[in-house]
$ cat input04.pdb   # PDB, C-alpha atoms, pLDDT in the B column
ATOM      1  CA  MET A  11       4.715  52.864   7.555  1.00 49.00           C
ATOM      2  CA  SER A  12       7.926  50.973   7.081  1.00 70.00           C
ATOM      3  CA  ASP A  13       6.825  47.362   7.557  1.00 80.00           C
ATOM      4  CA  ARG A  14       3.668  45.317   7.984  1.00 80.00           C
ATOM      5  CA  TRP A  15       3.982  42.241  10.150  1.00 83.00           C
ATOM      6  CA  TYR A  16       0.602  40.633   9.730  1.00 77.00           C
ATOM      7  CA  GLY A  17      -2.652  41.172   7.844  1.00 77.00           C
ATOM      8  CA  PRO A  18      -3.652  43.534   5.065  1.00 77.00           C
ATOM      9  CA  ILE A  19      -3.356  47.302   5.429  1.00 75.00           C
ATOM     10  CA  ALA A  20      -3.099  50.140   2.942  1.00 77.00           C
ATOM     11  CA  THR A  21       0.185  51.966   2.397  1.00 78.00           C
ATOM     12  CA  ARG A  22      -1.563  55.148   3.583  1.00 81.00           C
ATOM     13  CA  PHE A  23      -4.320  55.063   6.177  1.00 82.00           C
ATOM     14  CA  THR A  24      -6.032  57.145   8.854  1.00 84.00           C
ATOM     15  CA  LEU A  25      -5.080  56.345  12.422  1.00 86.00           C
ATOM     16  CA  PHE A  26      -7.675  57.356  15.027  1.00 82.00           C
ATOM     17  CA  LYS A  27      -6.181  59.151  18.026  1.00 84.00           C
ATOM     18  CA  THR A  28      -8.077  60.388  21.069  1.00 82.00           C
ATOM     19  CA  GLY A  29      -7.153  63.936  22.028  1.00 83.00           C
ATOM     20  CA  SER A  30      -5.258  66.650  20.180  1.00 83.00           C
ATOM     21  CA  ALA A  31      -1.810  68.195  19.997  1.00 80.00           C
ATOM     22  CA  THR A  32      -2.569  70.146  23.193  1.00 87.00           C
ATOM     23  CA  ARG A  33      -4.803  67.772  25.192  1.00 90.00           C
ATOM     24  CA  TRP A  34      -4.374  64.014  25.589  1.00 88.00           C
ATOM     25  CA  VAL A  35      -4.519  61.129  28.022  1.00 85.00           C
ATOM     26  CA  GLU A  36      -1.202  60.889  29.889  1.00 82.00           C
ATOM     27  CA  GLU A  37      -0.561  57.285  28.800  1.00 80.00           C
ATOM     28  CA  ASP A  38      -1.346  58.123  25.150  1.00 84.00           C
ATOM     29  CA  PRO A  39       0.676  61.219  24.171  1.00 86.00           C
ATOM     30  CA  PRO A  40       0.671  62.567  20.609  1.00 87.00           C
ATOM     31  CA  TYR A  41       2.579  60.688  17.943  1.00 87.00           C
ATOM     32  CA  ARG A  42       5.783  62.407  16.882  1.00 86.00           C
ATOM     33  CA  VAL A  43       7.110  62.689  13.348  1.00 88.00           C
ATOM     34  CA  GLY A  44      10.258  60.630  12.976  1.00 90.00           C
ATOM     35  CA  GLU A  45       9.501  58.230  15.845  1.00 91.00           C
ATOM     36  CA  SER A  46       8.852  54.537  15.193  1.00 92.00           C
ATOM     37  CA  TYR A  47       6.032  52.494  16.701  1.00 92.00           C
ATOM     38  CA  ALA A  48       4.813  48.916  16.654  1.00 93.00           C
ATOM     39  CA  LEU A  49       1.067  49.333  16.196  1.00 91.00           C
ATOM     40  CA  PHE A  50      -1.467  46.596  16.828  1.00 89.00           C
ATOM     41  CA  LEU A  51      -4.521  47.867  14.948  1.00 89.00           C
ATOM     42  CA  GLU A  52      -8.054  46.992  13.988  1.00 88.00           C
ATOM     43  CA  ARG A  53     -10.153  48.717  11.360  1.00 87.00           C
ATOM     44  CA  ARG A  54     -13.184  50.717  12.448  1.00 88.00           C
ATOM     45  CA  GLY A  55     -16.443  50.875  10.505  1.00 90.00           C
ATOM     46  CA  ASP A  56     -15.523  54.309   9.111  1.00 90.00           C
ATOM     47  CA  GLY A  57     -12.280  52.937   7.623  1.00 86.00           C
ATOM     48  CA  ALA A  58      -9.927  54.477  10.194  1.00 87.00           C
ATOM     49  CA  TYR A  59      -7.597  52.249  12.197  1.00 88.00           C
ATOM     50  CA  LEU A  60      -7.465  52.153  15.981  1.00 88.00           C
ATOM     51  CA  PRO A  61      -4.932  50.529  18.333  1.00 89.00           C
ATOM     52  CA  VAL A  62      -6.582  47.394  19.758  1.00 87.00           C
ATOM     53  CA  ALA A  63      -6.019  48.525  23.358  1.00 83.00           C
ATOM     54  CA  PRO A  64      -4.194  51.305  25.194  1.00 80.00           C
ATOM     55  CA  ASP A  65      -1.065  49.173  24.966  1.00 87.00           C
ATOM     56  CA  GLY A  66      -1.571  48.491  21.242  1.00 88.00           C
ATOM     57  CA  ARG A  67       0.911  51.284  20.518  1.00 91.00           C
ATOM     58  CA  VAL A  68       4.494  50.476  21.437  1.00 94.00           C
ATOM     59  CA  PRO A  69       7.210  53.046  20.723  1.00 94.00           C
ATOM     60  CA  ILE A  70      10.451  51.664  19.334  1.00 95.00           C
ATOM     61  CA  ARG A  71      13.521  53.416  20.704  1.00 95.00           C
ATOM     62  CA  ASN A  72      17.092  52.435  19.875  1.00 95.00           C
ATOM     63  CA  GLY A  73      15.803  49.300  18.163  1.00 94.00           C
ATOM     64  CA  THR A  74      13.903  48.016  21.203  1.00 96.00           C
ATOM     65  CA  ALA A  75      10.320  48.163  22.466  1.00 96.00           C
ATOM     66  CA  ALA A  76       9.603  50.936  24.985  1.00 95.00           C
ATOM     67  CA  PRO A  77       5.929  50.513  26.046  1.00 94.00           C
ATOM     68  CA  LEU A  78       4.069  53.608  27.239  1.00 90.00           C
ATOM     69  CA  ILE A  79       2.013  51.997  29.999  1.00 89.00           C
ATOM     70  CA  PRO A  80       2.740  49.287  32.562  1.00 90.00           C
ATOM     71  CA  GLY A  81       0.997  45.931  32.389  1.00 89.00           C
ATOM     72  CA  PRO A  82       1.241  42.449  30.918  1.00 90.00           C
ATOM     73  CA  VAL A  83       2.031  43.630  27.386  1.00 88.00           C
ATOM     74  CA  ALA A  84       4.740  45.994  28.644  1.00 90.00           C
ATOM     75  CA  ASP A  85       6.182  43.257  30.850  1.00 92.00           C
ATOM     76  CA  THR A  86       6.387  40.947  27.833  1.00 93.00           C
ATOM     77  CA  LEU A  87       7.738  43.425  25.263  1.00 93.00           C
ATOM     78  CA  ALA A  88       9.835  45.969  27.164  1.00 95.00           C
ATOM     79  CA  ARG A  89      13.448  46.187  26.049  1.00 96.00           C
ATOM     80  CA  ARG A  90      13.041  43.418  23.462  1.00 96.00           C
ATOM     81  CA  PRO A  91      14.540  43.980  19.999  1.00 97.00           C
ATOM     82  CA  VAL A  92      12.090  44.770  17.197  1.00 94.00           C
ATOM     83  CA  ALA A  93      12.661  41.351  15.576  1.00 94.00           C
ATOM     84  CA  ALA A  94      11.608  39.612  18.811  1.00 95.00           C
ATOM     85  CA  VAL A  95       8.481  41.794  19.091  1.00 93.00           C
ATOM     86  CA  GLU A  96       7.601  40.984  15.486  1.00 92.00           C
ATOM     87  CA  ASP A  97       8.101  37.254  16.075  1.00 93.00           C
ATOM     88  CA  MET A  98       5.951  37.320  19.224  1.00 91.00           C
ATOM     89  CA  ALA A  99       3.196  39.269  17.420  1.00 88.00           C
ATOM     90  CA  ARG A 100       3.152  36.835  14.486  1.00 87.00           C
ATOM     91  CA  ARG A 101       3.028  33.791  16.766  1.00 89.00           C
ATOM     92  CA  ALA A 102       0.220  35.296  18.858  1.00 84.00           C
ATOM     93  CA  LYS A 103      -1.822  36.146  15.773  1.00 81.00           C
ATOM     94  CA  GLU A 104      -1.332  32.735  14.213  1.00 85.00           C
ATOM     95  CA  ALA A 105      -2.313  31.012  17.489  1.00 86.00           C
ATOM     96  CA  LYS A 106      -5.780  32.646  17.359  1.00 76.00           C
TER      97      LYS A 106
END

$ encode --input "input04.pdb" --output "structure tokens"
Amino acid sequence: MSDRWYGPIATRFTLFKTGSATRWVEEDPPYRVGESYALFLERRGDGAYLPVAPDGRVPIRNGTAAPLIPGPVADTLARRPVAAVEDMARRAKEAK
């Protein structure tokens, strides 16, 4: 974890992921060491964290958002710089 945008979270935590290194849902491939992601998480009862929706995991490539699946979130975030994604996430959370 390199930065937390909103809310409390431990420096180290367990992230729940459906599937394995050999079997996964096409729109939710395995995480890769060295890649960066914007993660929108909620804590489960067992203490693990889970992305809030299939599009709650947004890879960051070359400093911009590169959503994995099409839809409203992807339409809003795709190709935006990380700072813009962070600003949009903070404003959305504070508006709740």

$ resolve_selection --input "input04.pdb" --expression "the PyMOL selection byres ((chain A and resi 13-30) around 6)" --output "PyMOL selection string"
chain A and resi 11-12+31-34+58-60

$ closest_residue --input "input04.pdb" --among "A:Leu49, A:Val68, A:Ala105, A:Val43" --to "Val83 (chain A)" --atoms "only C-alpha atoms"
A:Val68

$ resolve_selection --input "input04.pdb" --expression "the PyMOL selection byres ((chain A and resi 90-95) around 12)" --output "compact mmCIF listing (two decimals) with C-alpha atoms, in the coordinates of the input"
# COMPACT_ATOMS: atom_id res chain seq x y z
CA ASP A 13 6.82 47.36 7.56
CA TRP A 15 3.98 42.24 10.15
CA SER A 46 8.85 54.54 15.19
CA TYR A 47 6.03 52.49 16.70
CA ALA A 48 4.81 48.92 16.65
CA LEU A 49 1.07 49.33 16.20
CA PHE A 50 -1.47 46.60 16.83
CA VAL A 68 4.49 50.48 21.44
CA PRO A 69 7.21 53.05 20.72
CA ILE A 70 10.45 51.66 19.33
CA ARG A 71 13.52 53.42 20.70
CA ASN A 72 17.09 52.44 19.88
CA GLY A 73 15.80 49.30 18.16
CA THR A 74 13.90 48.02 21.20
CA ALA A 75 10.32 48.16 22.47
CA ALA A 76 9.60 50.94 24.98
CA PRO A 77 5.93 50.51 26.05
CA VAL A 83 2.03 43.63 27.39
CA ALA A 84 4.74 45.99 28.64
CA ASP A 85 6.18 43.26 30.85
CA THR A 86 6.39 40.95 27.83
CA LEU A 87 7.74 43.42 25.26
CA ALA A 88 9.84 45.97 27.16
CA ARG A 89 13.45 46.19 26.05
CA GLU A 96 7.60 40.98 15.49
CA ASP A 97 8.10 37.25 16.08
CA MET A 98 5.95 37.32 19.22
CA ALA A 99 3.20 39.27 17.42
CA ARG A 100 3.15 36.84 14.49
CA ARG A 101 3.03 33.79 16.77
CA ALA A 102 0.22 35.30 18.86

$ residues_around --input "input04.pdb" --residues "Glu37 (chain A)" --least-positions-apart "4" --cutoff "10 Å" --atoms "all atoms listed in the file" --output "PyMOL selection string"
chain A and resi 64-65+77-80

$ residues_around --input "input04.pdb" --residues "Pro61 (chain A)" --least-positions-apart "2" --cutoff "6 Å" --atoms "all atoms listed in the file" --output "PyMOL selection string"
chain A and resi 50-51+63+66

$ build_atoms --input "input04.pdb" --residues "region 50-72 of chain A" --atoms "N, CA and C atoms" --output "PDB file, keeping the file's coordinate frame"
ATOM      1  N   PHE A  50      -0.563  47.741  16.922  1.00 89.00           N
ATOM      2  CA  PHE A  50      -1.467  46.596  16.828  1.00 89.00           C
ATOM      3  C   PHE A  50      -2.850  47.189  16.620  1.00 89.00           C
ATOM      4  N   LEU A  51      -3.345  47.108  15.364  1.00 89.00           N
ATOM      5  CA  LEU A  51      -4.521  47.867  14.948  1.00 89.00           C
ATOM      6  C   LEU A  51      -5.679  46.989  14.528  1.00 89.00           C
ATOM      7  N   GLU A  52      -6.879  47.593  14.617  1.00 88.00           N
ATOM      8  CA  GLU A  52      -8.054  46.992  13.988  1.00 88.00           C
ATOM      9  C   GLU A  52      -8.777  48.107  13.249  1.00 88.00           C
ATOM     10  N   ARG A  53      -9.469  47.733  12.197  1.00 87.00           N
ATOM     11  CA  ARG A  53     -10.153  48.717  11.360  1.00 87.00           C
ATOM     12  C   ARG A  53     -11.536  49.004  11.915  1.00 87.00           C
ATOM     13  N   ARG A  54     -11.863  50.293  12.007  1.00 88.00           N
ATOM     14  CA  ARG A  54     -13.184  50.717  12.448  1.00 88.00           C
ATOM     15  C   ARG A  54     -14.146  50.723  11.271  1.00 88.00           C
ATOM     16  N   GLY A  55     -15.433  50.833  11.556  1.00 90.00           N
ATOM     17  CA  GLY A  55     -16.443  50.875  10.505  1.00 90.00           C
ATOM     18  C   GLY A  55     -16.286  52.032   9.542  1.00 90.00           C
ATOM     19  N   ASP A  56     -15.703  53.148   9.986  1.00 90.00           N
ATOM     20  CA  ASP A  56     -15.523  54.309   9.111  1.00 90.00           C
ATOM     21  C   ASP A  56     -14.244  54.233   8.285  1.00 90.00           C
ATOM     22  N   GLY A  57     -13.496  53.128   8.407  1.00 86.00           N
ATOM     23  CA  GLY A  57     -12.280  52.937   7.623  1.00 86.00           C
ATOM     24  C   GLY A  57     -11.005  53.347   8.335  1.00 86.00           C
ATOM     25  N   ALA A  58     -11.123  54.099   9.433  1.00 87.00           N
ATOM     26  CA  ALA A  58      -9.927  54.477  10.194  1.00 87.00           C
ATOM     27  C   ALA A  58      -9.435  53.269  10.980  1.00 87.00           C
ATOM     28  N   TYR A  59      -8.178  53.310  11.378  1.00 88.00           N
ATOM     29  CA  TYR A  59      -7.597  52.249  12.197  1.00 88.00           C
ATOM     30  C   TYR A  59      -7.418  52.750  13.619  1.00 88.00           C
ATOM     31  N   LEU A  60      -7.532  51.831  14.567  1.00 88.00           N
ATOM     32  CA  LEU A  60      -7.465  52.153  15.981  1.00 88.00           C
ATOM     33  C   LEU A  60      -6.608  51.111  16.684  1.00 88.00           C
ATOM     34  N   PRO A  61      -5.668  51.533  17.551  1.00 89.00           N
ATOM     35  CA  PRO A  61      -4.932  50.529  18.333  1.00 89.00           C
ATOM     36  C   PRO A  61      -5.918  49.643  19.099  1.00 89.00           C
ATOM     37  N   VAL A  62      -5.645  48.348  19.170  1.00 87.00           N
ATOM     38  CA  VAL A  62      -6.582  47.394  19.758  1.00 87.00           C
ATOM     39  C   VAL A  62      -6.811  47.589  21.250  1.00 87.00           C
ATOM     40  N   ALA A  63      -5.910  48.273  21.922  1.00 83.00           N
ATOM     41  CA  ALA A  63      -6.019  48.525  23.358  1.00 83.00           C
ATOM     42  C   ALA A  63      -5.075  49.680  23.672  1.00 83.00           C
ATOM     43  N   PRO A  64      -5.145  50.232  24.864  1.00 80.00           N
ATOM     44  CA  PRO A  64      -4.194  51.305  25.194  1.00 80.00           C
ATOM     45  C   PRO A  64      -2.735  50.889  24.992  1.00 80.00           C
ATOM     46  N   ASP A  65      -2.447  49.612  25.171  1.00 87.00           N
ATOM     47  CA  ASP A  65      -1.065  49.173  24.966  1.00 87.00           C
ATOM     48  C   ASP A  65      -0.840  48.594  23.568  1.00 87.00           C
ATOM     49  N   GLY A  66      -1.727  48.910  22.632  1.00 88.00           N
ATOM     50  CA  GLY A  66      -1.571  48.491  21.242  1.00 88.00           C
ATOM     51  C   GLY A  66      -0.666  49.413  20.446  1.00 88.00           C
ATOM     52  N   ARG A  67      -0.049  50.352  21.126  1.00 91.00           N
ATOM     53  CA  ARG A  67       0.911  51.284  20.518  1.00 91.00           C
ATOM     54  C   ARG A  67       2.188  51.189  21.342  1.00 91.00           C
ATOM     55  N   VAL A  68       3.236  50.678  20.723  1.00 94.00           N
ATOM     56  CA  VAL A  68       4.494  50.476  21.437  1.00 94.00           C
ATOM     57  C   VAL A  68       5.603  51.252  20.732  1.00 94.00           C
ATOM     58  N   PRO A  69       6.090  52.330  21.330  1.00 94.00           N
ATOM     59  CA  PRO A  69       7.210  53.046  20.723  1.00 94.00           C
ATOM     60  C   PRO A  69       8.442  52.146  20.604  1.00 94.00           C
ATOM     61  N   ILE A  70       9.191  52.373  19.548  1.00 95.00           N
ATOM     62  CA  ILE A  70      10.451  51.664  19.334  1.00 95.00           C
ATOM     63  C   ILE A  70      11.559  52.697  19.488  1.00 95.00           C
ATOM     64  N   ARG A  71      12.420  52.479  20.456  1.00 95.00           N
ATOM     65  CA  ARG A  71      13.521  53.416  20.704  1.00 95.00           C
ATOM     66  C   ARG A  71      14.827  52.639  20.729  1.00 95.00           C
ATOM     67  N   ASN A  72      15.783  53.107  19.964  1.00 95.00           N
ATOM     68  CA  ASN A  72      17.092  52.435  19.875  1.00 95.00           C
ATOM     69  C   ASN A  72      16.945  50.961  19.516  1.00 95.00           C
TER      70      ASN A  72
END
